[in-house]
>>> print(open('target.cif').read())   # mmCIF, C-alpha atoms
data_my_file
loop_
_atom_site.label_atom_id
_atom_site.label_comp_id
_atom_site.auth_asym_id
_atom_site.auth_seq_id
_atom_site.Cartn_x
_atom_site.Cartn_y
_atom_site.Cartn_z
CA MET A 188 -4.48 -0.41 32.40
CA SER A 189 -2.57 -3.09 30.54
CA ALA A 190 -4.00 -5.70 28.20
CA LYS A 191 -2.85 -9.31 28.08
CA VAL A 192 -3.15 -11.76 25.24
CA MET A 193 -6.68 -13.20 24.95
CA ASN A 194 -7.03 -16.87 25.81
CA ASP A 195 -9.50 -17.56 23.00
CA SER A 196 -10.37 -16.14 19.58
CA SER A 197 -12.77 -13.47 20.85
CA GLU A 198 -12.62 -9.96 19.44
CA ALA A 199 -12.53 -7.63 22.45
CA ARG A 200 -12.78 -3.91 23.12
CA ILE A 201 -12.58 -2.07 26.43
CA TYR A 202 -14.82 0.92 27.23
CA LEU A 203 -13.09 2.78 30.06
CA SER A 204 -15.23 4.54 32.63
CA GLY A 205 -13.20 7.74 32.37
CA GLN A 206 -13.70 7.93 28.60
CA ARG A 207 -17.50 7.87 28.64
CA GLY A 208 -19.56 10.66 27.20
CA TYR A 209 -21.16 13.21 29.51
CA SER A 210 -24.31 15.26 29.52
CA GLY A 211 -26.03 16.99 32.36
CA LEU A 212 -27.52 19.99 34.10
CA ASP A 213 -27.40 21.27 37.68
CA TRP A 214 -29.89 18.58 38.71
CA PHE A 215 -28.84 15.70 36.47
CA ARG A 216 -25.70 13.88 35.30
CA SER A 217 -25.51 11.13 32.69
CA LEU A 218 -22.43 9.18 31.62
CA HIS A 219 -22.79 7.36 28.29
CA THR A 220 -20.94 4.17 27.36
CA PHE A 221 -22.29 4.55 23.80
CA ASN A 222 -23.26 7.53 21.67
CA PHE A 223 -26.38 9.15 23.07
CA GLY A 224 -28.11 12.46 22.40
CA THR A 225 -25.59 15.19 21.66
CA TYR A 226 -22.67 12.93 22.56
CA GLN A 227 -21.41 11.45 19.29
CA ALA A 228 -17.85 10.11 19.22
CA GLU A 229 -15.92 7.89 16.87
CA GLY A 230 -15.82 4.30 18.06
CA ARG A 231 -18.77 4.70 20.43
CA MET A 232 -21.48 3.29 18.18
CA PRO A 233 -24.07 0.99 19.76
CA PHE A 234 -22.94 -2.60 20.29
CA GLY A 235 -25.35 -4.42 17.99
CA VAL A 236 -28.87 -4.18 19.42
CA LEU A 237 -27.44 -2.84 22.70
CA GLN A 238 -28.15 0.83 22.02
CA VAL A 239 -27.82 2.61 25.37
CA LEU A 240 -25.96 2.04 28.62
CA ASN A 241 -26.26 5.21 30.66
CA ASP A 242 -25.07 5.75 34.23
CA ASP A 243 -27.41 8.42 35.59
CA THR A 244 -27.48 10.50 38.77
CA LEU A 245 -30.55 12.54 39.65
CA ALA A 246 -30.76 15.35 42.22
CA ALA A 247 -33.24 15.46 45.07
CA GLU A 248 -36.90 15.75 43.95
CA ALA A 249 -35.86 16.14 40.28
CA THR A 250 -37.64 14.41 37.38
CA LEU A 251 -36.02 13.07 34.20
CA GLY A 252 -38.10 12.57 31.06
CA MET A 253 -37.06 9.98 28.45
CA HIS A 254 -38.47 9.17 25.00
CA VAL A 255 -38.12 5.94 23.02
CA GLU A 256 -38.51 6.19 19.23
CA GLN A 257 -38.29 2.53 18.15
CA GLY A 258 -39.08 -0.95 19.41
CA THR A 259 -36.99 -1.20 22.58
CA GLU A 260 -36.57 -3.22 25.75
CA VAL A 261 -35.64 -0.85 28.59
CA MET A 262 -34.03 -2.03 31.82
CA ILE A 263 -33.73 0.51 34.64
CA ILE A 264 -31.46 -0.70 37.45
CA PRO A 265 -31.51 1.35 40.70
CA LEU A 266 -28.08 1.35 42.34
CA SER A 267 -28.25 3.98 45.08
CA GLY A 268 -31.66 5.04 46.36
CA GLY A 269 -35.07 4.13 45.04
CA LEU A 270 -36.84 5.87 42.18
CA GLN A 271 -40.38 6.68 41.18
CA TYR A 272 -41.45 6.04 37.59
CA ARG A 273 -44.40 7.19 35.53
CA LEU A 274 -45.34 5.93 32.05
CA ALA A 275 -47.08 7.89 29.31
CA ASP A 276 -50.34 6.02 29.97
CA GLY A 277 -50.32 7.12 33.61
CA ARG A 278 -49.05 3.93 35.20
CA LYS A 279 -46.63 4.68 38.00
CA GLY A 280 -44.75 2.97 40.80
CA PHE A 281 -41.52 2.69 42.77
CA ALA A 282 -38.35 0.64 42.23
CA SER A 283 -35.62 0.10 44.81
CA PRO A 284 -32.07 -1.31 44.64
CA GLY A 285 -32.49 -5.06 44.22
CA GLU A 286 -35.30 -4.53 41.73
CA ILE A 287 -35.13 -4.20 37.94
CA LEU A 288 -37.76 -2.12 36.14
CA HIS A 289 -38.53 -3.47 32.65
CA LEU A 290 -40.32 -1.45 29.99
CA SER A 291 -41.11 -2.87 26.55
CA THR A 292 -42.42 -0.43 23.95
CA GLN A 293 -42.51 0.42 20.25
CA SER A 294 -42.37 4.15 21.04
CA GLY A 295 -43.29 6.26 24.00
CA SER A 296 -42.17 8.25 26.99
CA TYR A 297 -41.47 7.66 30.65
CA GLU A 298 -40.37 9.72 33.63
CA ILE A 299 -38.03 8.92 36.49
CA THR A 300 -38.27 10.96 39.69
CA ASN A 301 -36.02 11.16 42.72
CA PRO A 302 -38.53 11.13 45.61
CA TYR A 303 -36.05 12.11 48.33
CA PRO A 304 -35.81 15.70 49.64
CA ASP A 305 -32.04 15.79 50.18
CA THR A 306 -30.41 12.70 48.59
CA LEU A 307 -28.99 11.92 45.16
CA ILE A 308 -30.01 8.68 43.43
CA ASN A 309 -27.99 6.66 40.92
CA PHE A 310 -29.28 4.15 38.37
CA LEU A 311 -28.42 2.48 35.07
CA GLN A 312 -30.55 2.73 31.94
CA VAL A 313 -30.08 -0.06 29.38
CA TRP A 314 -31.88 0.05 26.01
CA ILE A 315 -31.91 -2.95 23.70
CA LYS A 316 -33.48 -2.62 20.25
CA ASN A 317 -36.27 -5.13 19.63
CA PRO A 318 -38.58 -4.65 16.62
CA LYS A 319 -41.01 -7.17 18.19
CA ALA A 320 -41.37 -5.22 21.44
CA GLU A 321 -44.87 -5.10 22.88
CA GLU A 322 -46.36 -2.60 25.30
CA ARG A 323 -45.72 -4.05 28.74
CA MET A 324 -43.86 -3.37 31.95
CA GLY A 325 -42.83 -5.26 35.06
CA ILE A 326 -40.50 -5.32 38.04
CA GLU A 327 -38.17 -8.22 38.79
CA GLN A 328 -36.81 -8.87 42.28
CA ILE A 329 -33.08 -9.64 42.34
CA ASP A 330 -31.70 -11.11 45.58
CA LEU A 331 -28.04 -10.07 45.57
CA ARG A 332 -27.51 -11.83 48.89
CA GLU A 333 -27.08 -14.91 46.69
CA MET A 334 -23.38 -14.65 46.04
CA ASN A 335 -21.07 -16.01 43.34
CA THR A 336 -23.71 -16.83 40.74
CA PHE A 337 -25.44 -15.10 37.87
CA LEU A 338 -29.05 -14.09 38.45
CA PRO A 339 -31.14 -13.80 35.27
CA LEU A 340 -32.92 -10.52 34.62
CA GLN A 341 -36.50 -11.08 33.53
CA LYS A 342 -37.34 -10.12 29.96
CA PRO A 343 -40.58 -9.91 27.99
CA ALA A 344 -41.48 -13.05 26.05
CA ASN A 345 -40.76 -11.51 22.65
CA ALA A 346 -37.32 -10.19 23.61
CA SER A 347 -35.53 -13.23 22.24
CA ASN A 348 -32.57 -11.24 20.92
CA TYR A 349 -30.83 -10.84 24.29
CA ARG A 350 -30.19 -12.38 27.69
CA ALA A 351 -29.08 -10.38 30.72
CA PHE A 352 -27.59 -11.42 34.06
CA ILE A 353 -26.24 -9.77 37.18
CA GLY A 354 -23.97 -11.29 39.82
CA LYS A 355 -22.19 -10.33 43.03
CA TYR A 356 -18.87 -12.08 43.72
CA ASP A 357 -16.44 -12.56 46.60
CA GLY A 358 -12.86 -11.42 46.12
CA ARG A 359 -10.67 -13.92 44.22
CA MET A 360 -13.75 -15.88 43.12
CA GLN A 361 -13.27 -17.30 39.62
CA SER A 362 -16.13 -18.19 37.32
CA GLU A 363 -17.26 -18.08 33.70
CA TYR A 364 -20.24 -17.23 31.54
CA GLN A 365 -21.10 -19.74 28.82
CA ILE A 366 -22.42 -18.07 25.65
CA THR A 367 -25.68 -19.78 24.75
CA GLN A 368 -26.31 -18.66 21.16
CA LEU A 369 -23.91 -19.57 18.36
CA GLY A 370 -22.36 -16.38 17.02
CA ALA A 371 -23.76 -14.20 19.81
CA SER A 372 -21.82 -11.29 21.30
CA VAL A 373 -21.43 -10.34 24.95
CA PHE A 374 -21.10 -7.01 26.73
CA VAL A 375 -19.70 -7.04 30.27
CA PHE A 376 -20.10 -4.02 32.57
CA VAL A 377 -18.59 -3.70 36.03
CA ILE A 378 -21.09 -1.99 38.30
CA GLU A 379 -18.99 -2.08 41.46
CA GLY A 380 -15.52 -3.33 42.37
CA ALA A 381 -12.96 -4.78 39.99
CA PHE A 382 -12.68 -7.89 37.83
CA GLU A 383 -10.22 -9.54 35.52
CA VAL A 384 -12.31 -10.53 32.50
CA GLN A 385 -10.69 -12.53 29.69
CA ASP A 386 -7.27 -11.46 31.03
CA ARG A 387 -8.23 -7.78 31.05
CA LEU A 388 -8.51 -5.59 34.14
CA LEU A 389 -11.90 -3.90 34.46
CA GLU A 390 -12.67 -1.47 37.26
CA SER A 391 -15.92 0.13 38.39
CA ARG A 392 -18.10 1.28 35.45
CA ASP A 393 -15.68 -0.08 32.81
CA GLY A 394 -17.17 -2.16 29.99
CA LEU A 395 -15.87 -4.87 27.67
CA SER A 396 -17.40 -6.06 24.40
CA LEU A 397 -16.64 -9.57 23.15
CA LYS A 398 -17.43 -11.07 19.75
CA HIS A 399 -17.05 -14.59 18.35
CA GLY A 400 -16.20 -16.21 21.68
CA ARG A 401 -17.56 -19.33 23.35
CA LYS A 402 -17.34 -18.31 26.99
CA VAL A 403 -16.30 -15.41 29.21
CA GLU A 404 -13.87 -16.22 32.03
CA PHE A 405 -13.49 -13.81 34.93
CA GLU A 406 -12.16 -13.38 38.45
CA ALA A 407 -13.42 -10.90 41.04
CA LEU A 408 -10.57 -8.80 42.41
CA SER A 409 -12.51 -7.16 45.22
CA SER A 410 -15.12 -8.23 47.74
CA HIS A 411 -18.79 -7.91 46.76
CA ALA A 412 -17.88 -6.96 43.19
CA LEU A 413 -20.95 -6.56 41.00
CA LEU A 414 -21.04 -7.57 37.32
CA LEU A 415 -23.63 -7.10 34.56
CA VAL A 416 -23.49 -9.40 31.50
CA ILE A 417 -25.66 -8.92 28.39
CA GLU A 418 -25.61 -11.50 25.60
CA ILE A 419 -27.02 -10.28 22.28
CA GLU A 420 -27.62 -11.77 18.87
CA ASP A 421 -25.61 -10.22 16.03
#
>>> encode(input="target.cif", output="structure tokens")
Amino acid sequence: MSAKVMNDSSEARIYLSGQRGYSGLDWFRSLHTFNFGTYQAEGRMPFGVLQVLNDDTLAAEATLGMHVEQGTEVMIIPLSGGLQYRLADGRKGFASPGEILHLSTQSGSYEITNPYPDTLINFLQVWIKNPKAEERMGIEQIDLREMNTFLPLQKPANASNYRAFIGKYDGRMQSEYQITQLGASVFVFVIEGAFEVQDRLLESRDGLSLKHGRKVEFEALSSHALLLVIEIED
């Protein structure tokens, strides 16, 4: 993967899919864009308040338990197969691809279960530190049939330190993301397909951090390419 000269003054860093951290068991696999759990590597510190971006695969009928130790906004994004969730207070439900599960908590636990008897499921877990987090949860419907535009991901009212969007793009479609907060940083993550972002090639599950820019220009290089963009305050 070659890097071209940036077309603005942004500070950029690529997080290659093949260089992510790994943890897992027979029934579970997690790939970590940032340091997480026992995976601690130089240069993989959290990106500001963006603490966790895990790409998780769960075996049939298996259950994964997670624990949050500080004020955090959690986004769980099903990618392949639906998932059951259960919170520490007993609330439970189901989330399918096209839905985003949001959890806002100061500290607590939750479980994710694969309800299928013979099928793997795949999902992203995104944790964003927010000292003002309140105890709430919700599910946002995302209609990815709406092509070539960013769809905002719902966030709790007090989560003013980030904005998140997802978009599906046709091949060769060019667009841009305008950074809304002066001095904010942006993390771009390719969920599916390939993009050229700020003159850098990003393939499936690659990430790119950008600081001190004004906008993010990109072009989809494959059909139905799926992009996640998270803007955070420094």
>>> atom_distance(input="target.cif", atom1="atom CA of A:Leu266", atom2="atom CA of A:Gly400")
29.6 Å
>>> closest_residue(input="target.cif", among="A:Pro302, A:Pro284, A:Gly230, A:Gly205", to="A:Leu218", atoms="all atoms listed in the file")
A:Gly205
>>> closest_residue(input="target.cif", among="A:Val373, A:Leu288, A:Leu408, A:Val239", to="A:Glu390", atoms="all atoms listed in the file")
A:Leu408
>>> residues_around(input="target.cif", residues="A:Glu298", least_positions_apart="2", cutoff="9 Å", atoms="only C-alpha atoms", output="list of chain:residue names")
A:Thr250, A:Leu251, A:Gly252, A:Met253, A:His254, A:Gln271, A:Tyr272, A:Arg273, A:Leu274, A:Ala275, A:Ser296, A:Thr300
>>> closest_residue(input="target.cif", among="A:Leu245, A:Ala282, A:Ile287, A:Leu240", to="A:Glu327", atoms="only C-alpha atoms")
A:Ile287
>>> atom_distance(input="target.cif", atom1="atom CA of A:Leu331", atom2="atom CA of A:Asp305")
26.6 Å
>>> resolve_selection(input="target.cif", expression="the PyMOL selection byres ((chain A and resi 248) around 6)", output="PyMOL selection string")
chain A and resi 247+249+301-304
>>> atom_distance(input="target.cif", atom1="atom CA of A:Ile315", atom2="atom CA of A:Ser294")
12.9 Å
>>> resolve_selection(input="target.cif", expression="the PyMOL selection byres ((chain A and resi 307) around 7)", output="PyMOL selection string")
chain A and resi 244-247+306+308-309
